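Below is one structure, written out as structure tokens, with a few remarks after it.
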Amino acid sequence: SRHSGAAVLHALVFSVVLCDPFNTLFANSLYTEFTALLGLYFALGAVMAASFIRRMPGSLCVLWFIGLVLLGGSRVQHLLLPLALLGPAWFVMRERAPKTWWVSLALALVLGGAQLGLQRSSEAIDDANIVNTLFFSVLPAAEEPRELAAELGLEPGCADLAHSSWYLTRGVDHREVCPGAFELSRGKMLMVLAAQPTTFATLVFRAVHQSGGWRLSYVGEVAGEDYGRVGGLRGASLAGVIAAMPFLLYAVFYALPLWPGVWTGWRLARFGSLFTSERLSLGVGFCSLALVMAITFGTSLIGDGFSEFSRHAHLAHNAAVIIWLMTPMSLVRLARVYGASALTIPLAGYAMLALAAVSYTHLTLPTNTVTC
């Protein structure tokens, strides 16, 4: 077949990712994780398939729109994802479906606005998110929580609430003791963290550690039993493999997929118009998935802290797996077209990210990790 490589990749993604019980168990629940994954599958699949043809047909446009709606409407942490996908998609749609791209931009803005409106309509949700982010996650990452609280412009007593959460209040009213926390913007929080790289690195690596329990204890419970769970999945799901990984290996597993997105994003920006259909499809895929990983991970961490972090970062987990499935095909093609020397820069990038992951494993890790 002319595009046999793309067909094999699609079959791998469908069977290994979409059919994994780690994902399908969410379909039998009120959680929106499977909906978001299905939206990503539709949207990214449509635009990657369109790169192989001259004009984007109506069927792929409909699939693309359905994917954006499912993805952007699934949860507030995903409100930026439709906009993020539009960036790489431009390199495919600017010649094949330019009007569709502009309609998609308007749709993404509407979805984002609707999510923000729903979020702000509930003060309780906002309060829970800031408590879980600031007191349960950000302040404990600092060596001196009092100094960090002062940098954030909070009251002196706020640091004493470190390690508490919306669910573990320790008998304290957060709004009464630390009213300034509820006026603190995420932007200011990020600016202060950027000025304290050690605290920021600690926060990120603790988040990676928290994300390791892919199979959640409360998903897949059996009716009529006393906390019984669906069994027989140990060899049928990637969640079991992930749960068995040492933290060092898991950190490397999570860090390396970001590099192909950075590399291909730069190549797309410079030479996108010269890409063949196969290179364009892989480039858009890598770049889009890396954006999904980074944005989902970041918005989950800053949005609700370590509270159910593994579930909130569910889409990032899947994006990492898909990138790993795509990488061997991409490296083989790169070596075949340009020679083995062309692998120098990609492999050097992998090595640097692996070393970065290893270098921070001395950081103190939390004890309240979700286990599988």
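Residue numbers start at 1 in each chain; chains themselves are named A, B, ... in the order of the structure tokens; ligands are numbered from 1 in the order shown.
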Would you list the contacts of Gly113 in chain A as a PDB file with N, CA, C and O atoms, in the first residue's frame, taking every protein, DNA or RNA residue within 12 Å and counting only C-alpha atoms, but skipping same-chain residues closer than 6 positions in sequence?
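Saved as around-v1.pdb:
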ATOM      1  N   GLY A  72     -12.294  20.131  23.633  1.00  0.00           N
ATOM      2  CA  GLY A  72     -12.424  21.399  24.341  1.00  0.00           C
ATOM      3  C   GLY A  72     -13.565  21.432  25.332  1.00  0.00           C
ATOM      4  O   GLY A  72     -13.513  22.178  26.312  1.00  0.00           O
ATOM      5  N   GLY A  73     -14.583  20.619  25.106  1.00  0.00           N
ATOM      6  CA  GLY A  73     -15.726  20.615  26.002  1.00  0.00           C
ATOM      7  C   GLY A  73     -15.636  19.595  27.115  1.00  0.00           C
ATOM      8  O   GLY A  73     -16.521  19.521  27.961  1.00  0.00           O
ATOM      9  N   VAL A  76     -12.385  21.784  32.011  1.00  0.00           N
ATOM     10  CA  VAL A  76     -11.820  23.125  31.962  1.00  0.00           C
ATOM     11  C   VAL A  76     -10.309  23.096  31.749  1.00  0.00           C
ATOM     12  O   VAL A  76      -9.746  24.003  31.126  1.00  0.00           O
ATOM     13  N   HIS A  78      -8.765  21.464  29.722  1.00  0.00           N
ATOM     14  CA  HIS A  78      -8.486  21.241  28.301  1.00  0.00           C
ATOM     15  C   HIS A  78      -8.915  22.415  27.417  1.00  0.00           C
ATOM     16  O   HIS A  78      -8.921  22.280  26.194  1.00  0.00           O
ATOM     17  N   LEU A  79      -9.260  23.533  28.013  1.00  0.00           N
ATOM     18  CA  LEU A  79      -9.805  24.633  27.214  1.00  0.00           C
ATOM     19  C   LEU A  79      -8.799  25.187  26.210  1.00  0.00           C
ATOM     20  O   LEU A  79      -9.170  25.751  25.182  1.00  0.00           O
ATOM     21  N   LEU A  80      -7.489  25.039  26.487  1.00  0.00           N
ATOM     22  CA  LEU A  80      -6.467  25.549  25.576  1.00  0.00           C
ATOM     23  C   LEU A  80      -6.107  24.563  24.464  1.00  0.00           C
ATOM     24  O   LEU A  80      -5.459  24.955  23.490  1.00  0.00           O
ATOM     25  N   LEU A  83      -7.089  25.282  20.717  1.00  0.00           N
ATOM     26  CA  LEU A  83      -6.240  26.349  20.182  1.00  0.00           C
ATOM     27  C   LEU A  83      -4.829  25.837  19.898  1.00  0.00           C
ATOM     28  O   LEU A  83      -4.214  26.206  18.894  1.00  0.00           O
ATOM     29  N   ALA A 106     -12.537  30.142  15.514  1.00  0.00           N
ATOM     30  CA  ALA A 106     -13.698  30.722  16.202  1.00  0.00           C
ATOM     31  C   ALA A 106     -14.331  29.708  17.157  1.00  0.00           C
ATOM     32  O   ALA A 106     -14.710  30.049  18.291  1.00  0.00           O
ATOM     33  N   LEU A 107     -14.418  28.459  16.728  1.00  0.00           N
ATOM     34  CA  LEU A 107     -14.990  27.412  17.567  1.00  0.00           C
ATOM     35  C   LEU A 107     -14.151  27.197  18.830  1.00  0.00           C
ATOM     36  O   LEU A 107     -14.692  27.060  19.932  1.00  0.00           O
ATOM     37  N   GLN A 119     -16.623  27.631  34.829  1.00  0.00           N
ATOM     38  CA  GLN A 119     -15.723  27.555  35.972  1.00  0.00           C
ATOM     39  C   GLN A 119     -15.982  28.699  36.952  1.00  0.00           C
ATOM     40  O   GLN A 119     -16.030  28.500  38.168  1.00  0.00           O
ATOM     41  N   ARG A 120     -16.149  29.899  36.431  1.00  0.00           N
ATOM     42  CA  ARG A 120     -16.327  31.073  37.283  1.00  0.00           C
ATOM     43  C   ARG A 120     -17.722  31.159  37.886  1.00  0.00           C
ATOM     44  O   ARG A 120     -17.952  31.950  38.807  1.00  0.00           O
TER      45      ARG A 120
END
(request) Might you pull out every residue within 9 Å of range 159-165 of chain A, with only C-alpha atoms counted and same-chain residues fewer than 3 positions away left off, and present them as a list of chain:residue names? (result) A:Ala128, A:Val131, A:Asn132, A:Thr133, A:Leu134, A:Phe135, A:Phe136, A:Ser137, A:Val138, A:Leu139, A:Pro140, A:Glu144, A:Pro145, A:Arg146, A:Glu147, A:Leu148, A:Ala149, A:Ala150, A:Leu154, A:Glu155, A:Pro156, A:Leu168, A:Thr169, A:Arg170, A:Val172, A:His174, A:Val177, A:Cys178, A:Ser307
(message) Considering only alpha helix (DSSP H) as DSSP defines it on the backbone, what residues of range 34-97 of chain A qualify? List them as a ChimeraX atom specification.
(response) /A:34-50,58-74,81-96
Write the residues of the selection above to a file with N, CA and C atoms, as a short mmCIF file (atom, residue, chain, number, x, y, z; two decimals), in the first residue's frame.
data_model
loop_
_atom_site.label_atom_id
_atom_site.label_comp_id
_atom_site.auth_asym_id
_atom_site.auth_seq_id
_atom_site.Cartn_x
_atom_site.Cartn_y
_atom_site.Cartn_z
N PHE A 34 -12.21 9.62 28.81
CA PHE A 34 -12.31 8.91 27.54
C PHE A 34 -12.87 9.82 26.45
N THR A 35 -13.76 10.71 26.81
CA THR A 35 -14.29 11.67 25.84
C THR A 35 -13.18 12.55 25.29
N ALA A 36 -12.30 13.03 26.18
CA ALA A 36 -11.18 13.87 25.74
C ALA A 36 -10.24 13.10 24.83
N LEU A 37 -9.95 11.84 25.20
CA LEU A 37 -9.06 11.02 24.37
C LEU A 37 -9.67 10.77 23.00
N LEU A 38 -10.96 10.50 22.96
CA LEU A 38 -11.64 10.29 21.68
C LEU A 38 -11.60 11.56 20.84
N GLY A 39 -11.77 12.72 21.49
CA GLY A 39 -11.69 13.98 20.76
C GLY A 39 -10.31 14.20 20.16
N LEU A 40 -9.26 13.90 20.92
CA LEU A 40 -7.90 14.02 20.39
C LEU A 40 -7.68 13.06 19.24
N TYR A 41 -8.18 11.86 19.37
CA TYR A 41 -8.04 10.85 18.31
C TYR A 41 -8.72 11.31 17.02
N PHE A 42 -9.94 11.83 17.13
CA PHE A 42 -10.66 12.31 15.95
C PHE A 42 -9.96 13.51 15.31
N ALA A 43 -9.64 14.52 16.14
CA ALA A 43 -9.09 15.77 15.60
C ALA A 43 -7.72 15.55 14.98
N LEU A 44 -6.82 14.92 15.74
CA LEU A 44 -5.47 14.73 15.23
C LEU A 44 -5.44 13.72 14.09
N GLY A 45 -6.27 12.68 14.20
CA GLY A 45 -6.34 11.71 13.11
C GLY A 45 -6.81 12.34 11.81
N ALA A 46 -7.78 13.25 11.91
CA ALA A 46 -8.31 13.91 10.71
C ALA A 46 -7.26 14.77 10.03
N VAL A 47 -6.53 15.55 10.81
CA VAL A 47 -5.56 16.47 10.20
C VAL A 47 -4.33 15.71 9.71
N MET A 48 -3.93 14.64 10.39
CA MET A 48 -2.80 13.84 9.89
C MET A 48 -3.18 13.11 8.61
N ALA A 49 -4.41 12.61 8.53
CA ALA A 49 -4.87 11.94 7.31
C ALA A 49 -4.97 12.93 6.15
N ALA A 50 -5.37 14.17 6.45
CA ALA A 50 -5.52 15.19 5.40
C ALA A 50 -4.19 15.56 4.76
N GLY A 58 -14.95 16.81 3.09
CA GLY A 58 -15.93 17.16 4.11
C GLY A 58 -15.98 16.18 5.26
N SER A 59 -15.78 14.89 4.98
CA SER A 59 -15.82 13.88 6.05
C SER A 59 -14.73 14.13 7.08
N LEU A 60 -13.52 14.47 6.64
CA LEU A 60 -12.44 14.75 7.57
C LEU A 60 -12.68 16.07 8.31
N CYS A 61 -13.27 17.05 7.63
CA CYS A 61 -13.60 18.32 8.30
C CYS A 61 -14.61 18.10 9.44
N VAL A 62 -15.62 17.27 9.17
CA VAL A 62 -16.62 16.96 10.21
C VAL A 62 -15.96 16.25 11.38
N LEU A 63 -15.08 15.28 11.06
CA LEU A 63 -14.37 14.55 12.11
C LEU A 63 -13.49 15.50 12.93
N TRP A 64 -12.86 16.43 12.25
CA TRP A 64 -12.02 17.43 12.92
C TRP A 64 -12.84 18.29 13.87
N PHE A 65 -14.00 18.77 13.42
CA PHE A 65 -14.86 19.60 14.27
C PHE A 65 -15.39 18.81 15.47
N ILE A 66 -15.80 17.57 15.24
CA ILE A 66 -16.28 16.73 16.35
C ILE A 66 -15.17 16.54 17.38
N GLY A 67 -13.96 16.31 16.90
CA GLY A 67 -12.83 16.13 17.80
C GLY A 67 -12.57 17.36 18.64
N LEU A 68 -12.61 18.53 18.02
CA LEU A 68 -12.37 19.78 18.77
C LEU A 68 -13.43 19.99 19.84
N VAL A 69 -14.70 19.72 19.52
CA VAL A 69 -15.78 19.91 20.48
C VAL A 69 -15.63 18.95 21.66
N LEU A 70 -15.36 17.68 21.37
CA LEU A 70 -15.18 16.69 22.43
C LEU A 70 -13.99 17.04 23.31
N LEU A 71 -12.92 17.47 22.68
CA LEU A 71 -11.70 17.78 23.42
C LEU A 71 -11.86 19.05 24.26
N GLY A 72 -12.29 20.13 23.63
CA GLY A 72 -12.42 21.40 24.34
C GLY A 72 -13.56 21.43 25.33
N GLY A 73 -14.58 20.62 25.11
CA GLY A 73 -15.73 20.61 26.00
C GLY A 73 -15.64 19.60 27.12
N SER A 74 -14.58 18.79 27.12
CA SER A 74 -14.49 17.69 28.08
C SER A 74 -14.25 18.17 29.51
N LEU A 81 -6.50 23.30 24.60
CA LEU A 81 -6.04 22.28 23.66
C LEU A 81 -6.53 22.49 22.23
N PRO A 82 -7.81 22.86 22.00
CA PRO A 82 -8.21 23.12 20.61
C PRO A 82 -7.38 24.22 19.96
N LEU A 83 -7.09 25.28 20.72
CA LEU A 83 -6.24 26.35 20.18
C LEU A 83 -4.83 25.84 19.90
N ALA A 84 -4.32 24.98 20.78
CA ALA A 84 -2.97 24.44 20.59
C ALA A 84 -2.89 23.58 19.33
N LEU A 85 -3.92 22.78 19.08
CA LEU A 85 -3.91 21.93 17.89
C LEU A 85 -3.98 22.74 16.61
N LEU A 86 -4.57 23.92 16.67
CA LEU A 86 -4.69 24.75 15.47
C LEU A 86 -3.33 25.20 14.94
N GLY A 87 -2.34 25.33 15.83
CA GLY A 87 -1.02 25.76 15.39
C GLY A 87 -0.40 24.79 14.41
N PRO A 88 -0.12 23.55 14.81
CA PRO A 88 0.42 22.58 13.85
C PRO A 88 -0.53 22.29 12.69
N ALA A 89 -1.84 22.30 12.95
CA ALA A 89 -2.80 21.99 11.88
C ALA A 89 -2.75 23.01 10.74
N TRP A 90 -2.30 24.23 11.04
CA TRP A 90 -2.21 25.26 10.01
C TRP A 90 -1.34 24.82 8.83
N PHE A 91 -0.28 24.07 9.11
CA PHE A 91 0.64 23.65 8.05
C PHE A 91 -0.01 22.66 7.09
N VAL A 92 -1.06 21.99 7.54
CA VAL A 92 -1.81 21.08 6.68
C VAL A 92 -2.99 21.80 6.04
N MET A 93 -3.71 22.60 6.82
CA MET A 93 -4.98 23.15 6.37
C MET A 93 -4.86 24.45 5.59
N ARG A 94 -3.70 25.11 5.64
CA ARG A 94 -3.59 26.40 4.95
C ARG A 94 -3.80 26.27 3.44
N GLU A 95 -3.48 25.11 2.86
CA GLU A 95 -3.71 24.90 1.43
C GLU A 95 -4.88 23.96 1.17
N ARG A 96 -5.17 23.08 2.12
CA ARG A 96 -6.19 22.05 1.91
C ARG A 96 -7.57 22.46 2.40
#
(message) Would you pick out the contacts of Arg279 in chain A at 12 Å or less, using only C-alpha atoms, so that residues sharing its chain but fewer than 3 positions from it are not included, and give the list as a PyMOL selection string?
(response) chain A and resi 3+5-6+48-49+51-52+91-92+264-265+267-268+271-276+282-287+326+329-331+333-334+337
Selection to disk with C-alpha atoms, as a CSV table (one decimal), in the first residue's frame:
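The file below, result30.csv, is the result:
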chain,number,residue,atom,x,y,z
A,3,HIS,CA,0.7,4.7,2.9
A,5,GLY,CA,3.3,3.0,7.3
A,6,ALA,CA,0.5,5.4,8.3
A,48,MET,CA,-2.8,13.8,9.9
A,49,ALA,CA,-4.9,11.9,7.3
A,51,SER,CA,-1.8,15.7,4.9
A,52,PHE,CA,-1.8,12.8,2.4
A,91,PHE,CA,0.6,23.6,8.0
A,92,VAL,CA,-1.8,21.1,6.7
A,264,THR,CA,9.6,18.9,14.5
A,265,GLY,CA,7.9,22.1,15.6
A,267,ARG,CA,11.4,22.1,11.4
A,268,LEU,CA,7.7,22.8,10.5
A,271,PHE,CA,10.6,24.1,6.2
A,272,GLY,CA,6.9,23.1,6.5
A,273,SER,CA,6.0,24.0,3.0
A,274,LEU,CA,8.7,21.7,1.7
A,275,PHE,CA,7.7,18.6,3.7
A,276,THR,CA,6.4,15.5,1.9
A,282,LEU,CA,4.5,12.9,11.4
A,283,GLY,CA,5.6,16.4,12.1
A,284,VAL,CA,2.1,17.7,12.8
A,285,GLY,CA,1.5,14.6,15.0
A,286,PHE,CA,4.7,15.0,17.0
A,287,CYS,CA,4.2,18.7,17.5
A,326,MET,CA,5.5,7.1,16.4
A,329,MET,CA,9.0,4.9,12.5
A,330,SER,CA,10.2,8.4,12.3
A,331,LEU,CA,13.8,7.6,13.2
A,333,ARG,CA,12.6,7.1,8.0
A,334,LEU,CA,15.1,9.9,8.9
A,337,VAL,CA,16.4,9.4,3.7
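Note that CA of Met245 in chain A and CA of Pro257 in chain A are 16.7 Å apart.
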(message) If we count only C-alpha atoms and set the cut-off at 8 Å, which residues sit around range 321-325 of chain A, ignoring sequence neighbours fewer than 6 positions away in its own chain? Please answer as a list in words.
(response)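 What passes the distance filter is Leu9, Leu12, Val13, Val17, Pro257, Phe286 and Leu289 of chain A.
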For the residues selected in the previous step, produce a file with C-alpha atoms as a PDB file, in the first residue's frame.
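The result, written out as selection.pdb:
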ATOM      1  CA  LEU A   9       0.742   3.436  12.965  1.00  0.00           C
ATOM      2  CA  LEU A  12      -1.003   0.510  16.723  1.00  0.00           C
ATOM      3  CA  VAL A  13      -2.540   3.628  18.249  1.00  0.00           C
ATOM      4  CA  VAL A  17      -4.062   3.202  23.278  1.00  0.00           C
ATOM      5  CA  PRO A 257       8.512  12.395  24.214  1.00  0.00           C
ATOM      6  CA  PHE A 286       4.686  14.977  17.049  1.00  0.00           C
ATOM      7  CA  LEU A 289       1.086  15.581  20.929  1.00  0.00           C
TER       8      LEU A 289
END
(message) What's the separation between CA of Ala319 in chain A and CA of Thr296 in chain A, in Å to one decimal place?
(response) 9.8 Å
(message) For a quick check of understanding, using only C-alpha atoms, which of A:Val262, A:Ala207, A:Leu109, A:Ala124 has the smallest distance to Ser288 in chain A?
(response)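 Looking at the shortest contact to Ser288 in chain A, the residue is A:Val262.
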(request) Would you mind listing what lies within 8 Å of Trp214 in chain A as a PyMOL selection string, with only C-alpha atoms counted and same-chain residues fewer than 5 positions away left out? (result) chain A and resi 22+239+242-243+310-311+314+372
Residues from last step as file, all heavy atoms, as an mmCIF file, in the first residue's frame:
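The result, stored in again.cif:
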data_model
loop_
_atom_site.group_PDB
_atom_site.id
_atom_site.type_symbol
_atom_site.label_atom_id
_atom_site.label_comp_id
_atom_site.auth_asym_id
_atom_site.auth_seq_id
_atom_site.Cartn_x
_atom_site.Cartn_y
_atom_site.Cartn_z
ATOM 1 N N PHE A 22 -7.064 0.779 30.625
ATOM 2 C CA PHE A 22 -6.754 2.004 31.349
ATOM 3 C C PHE A 22 -7.611 3.162 30.846
ATOM 4 O O PHE A 22 -7.980 4.063 31.600
ATOM 5 C CB PHE A 22 -5.250 2.289 31.184
ATOM 6 C CG PHE A 22 -4.843 3.726 31.253
ATOM 7 C CD1 PHE A 22 -4.999 4.453 32.420
ATOM 8 C CD2 PHE A 22 -4.273 4.361 30.154
ATOM 9 C CE1 PHE A 22 -4.615 5.780 32.494
ATOM 10 C CE2 PHE A 22 -3.881 5.670 30.221
ATOM 11 C CZ PHE A 22 -4.052 6.383 31.391
ATOM 12 N N ALA A 239 -1.060 0.332 32.116
ATOM 13 C CA ALA A 239 -1.033 0.864 33.471
ATOM 14 C C ALA A 239 -0.229 -0.028 34.404
ATOM 15 O O ALA A 239 0.463 0.453 35.306
ATOM 16 C CB ALA A 239 -2.459 1.028 33.996
ATOM 17 N N ILE A 242 3.471 0.643 33.745
ATOM 18 C CA ILE A 242 3.858 1.940 34.302
ATOM 19 C C ILE A 242 4.003 1.867 35.812
ATOM 20 O O ILE A 242 4.938 2.411 36.405
ATOM 21 C CB ILE A 242 2.818 3.014 33.912
ATOM 22 C CG1 ILE A 242 2.790 3.222 32.391
ATOM 23 C CG2 ILE A 242 3.097 4.327 34.619
ATOM 24 C CD1 ILE A 242 4.100 3.669 31.793
ATOM 25 N N ALA A 243 3.058 1.181 36.467
ATOM 26 C CA ALA A 243 3.090 1.092 37.923
ATOM 27 C C ALA A 243 4.327 0.372 38.428
ATOM 28 O O ALA A 243 4.795 0.622 39.541
ATOM 29 C CB ALA A 243 1.835 0.383 38.424
ATOM 30 N N SER A 310 -3.089 12.311 38.665
ATOM 31 C CA SER A 310 -2.929 11.296 37.629
ATOM 32 C C SER A 310 -4.134 11.252 36.699
ATOM 33 O O SER A 310 -3.992 11.075 35.488
ATOM 34 C CB SER A 310 -2.698 9.926 38.262
ATOM 35 O OG SER A 310 -2.373 8.962 37.278
ATOM 36 N N ARG A 311 -5.334 11.418 37.258
ATOM 37 C CA ARG A 311 -6.532 11.433 36.405
ATOM 38 C C ARG A 311 -6.600 12.699 35.572
ATOM 39 O O ARG A 311 -6.932 12.655 34.372
ATOM 40 C CB ARG A 311 -7.802 11.302 37.267
ATOM 41 C CG ARG A 311 -9.086 11.327 36.453
ATOM 42 C CD ARG A 311 -10.299 11.018 37.301
ATOM 43 N NE ARG A 311 -10.593 12.074 38.261
ATOM 44 C CZ ARG A 311 -11.268 13.186 37.974
ATOM 45 N NH1 ARG A 311 -11.677 13.405 36.724
ATOM 46 N NH2 ARG A 311 -11.512 14.083 38.906
ATOM 47 N N HIS A 314 -4.475 12.568 32.505
ATOM 48 C CA HIS A 314 -4.742 11.359 31.730
ATOM 49 C C HIS A 314 -4.393 11.525 30.257
ATOM 50 O O HIS A 314 -3.796 10.637 29.625
ATOM 51 C CB HIS A 314 -6.217 10.987 31.893
ATOM 52 C CG HIS A 314 -6.661 9.819 31.085
ATOM 53 N ND1 HIS A 314 -7.238 9.946 29.843
ATOM 54 C CD2 HIS A 314 -6.628 8.484 31.341
ATOM 55 C CE1 HIS A 314 -7.544 8.753 29.370
ATOM 56 N NE2 HIS A 314 -7.189 7.852 30.255
ATOM 57 N N CYS A 372 -0.996 2.286 42.129
ATOM 58 C CA CYS A 372 -1.857 1.493 41.236
ATOM 59 C C CYS A 372 -2.116 0.115 41.839
ATOM 60 O O CYS A 372 -1.204 -0.536 42.271
ATOM 61 C CB CYS A 372 -1.183 1.350 39.875
ATOM 62 S SG CYS A 372 -2.124 0.406 38.683
#
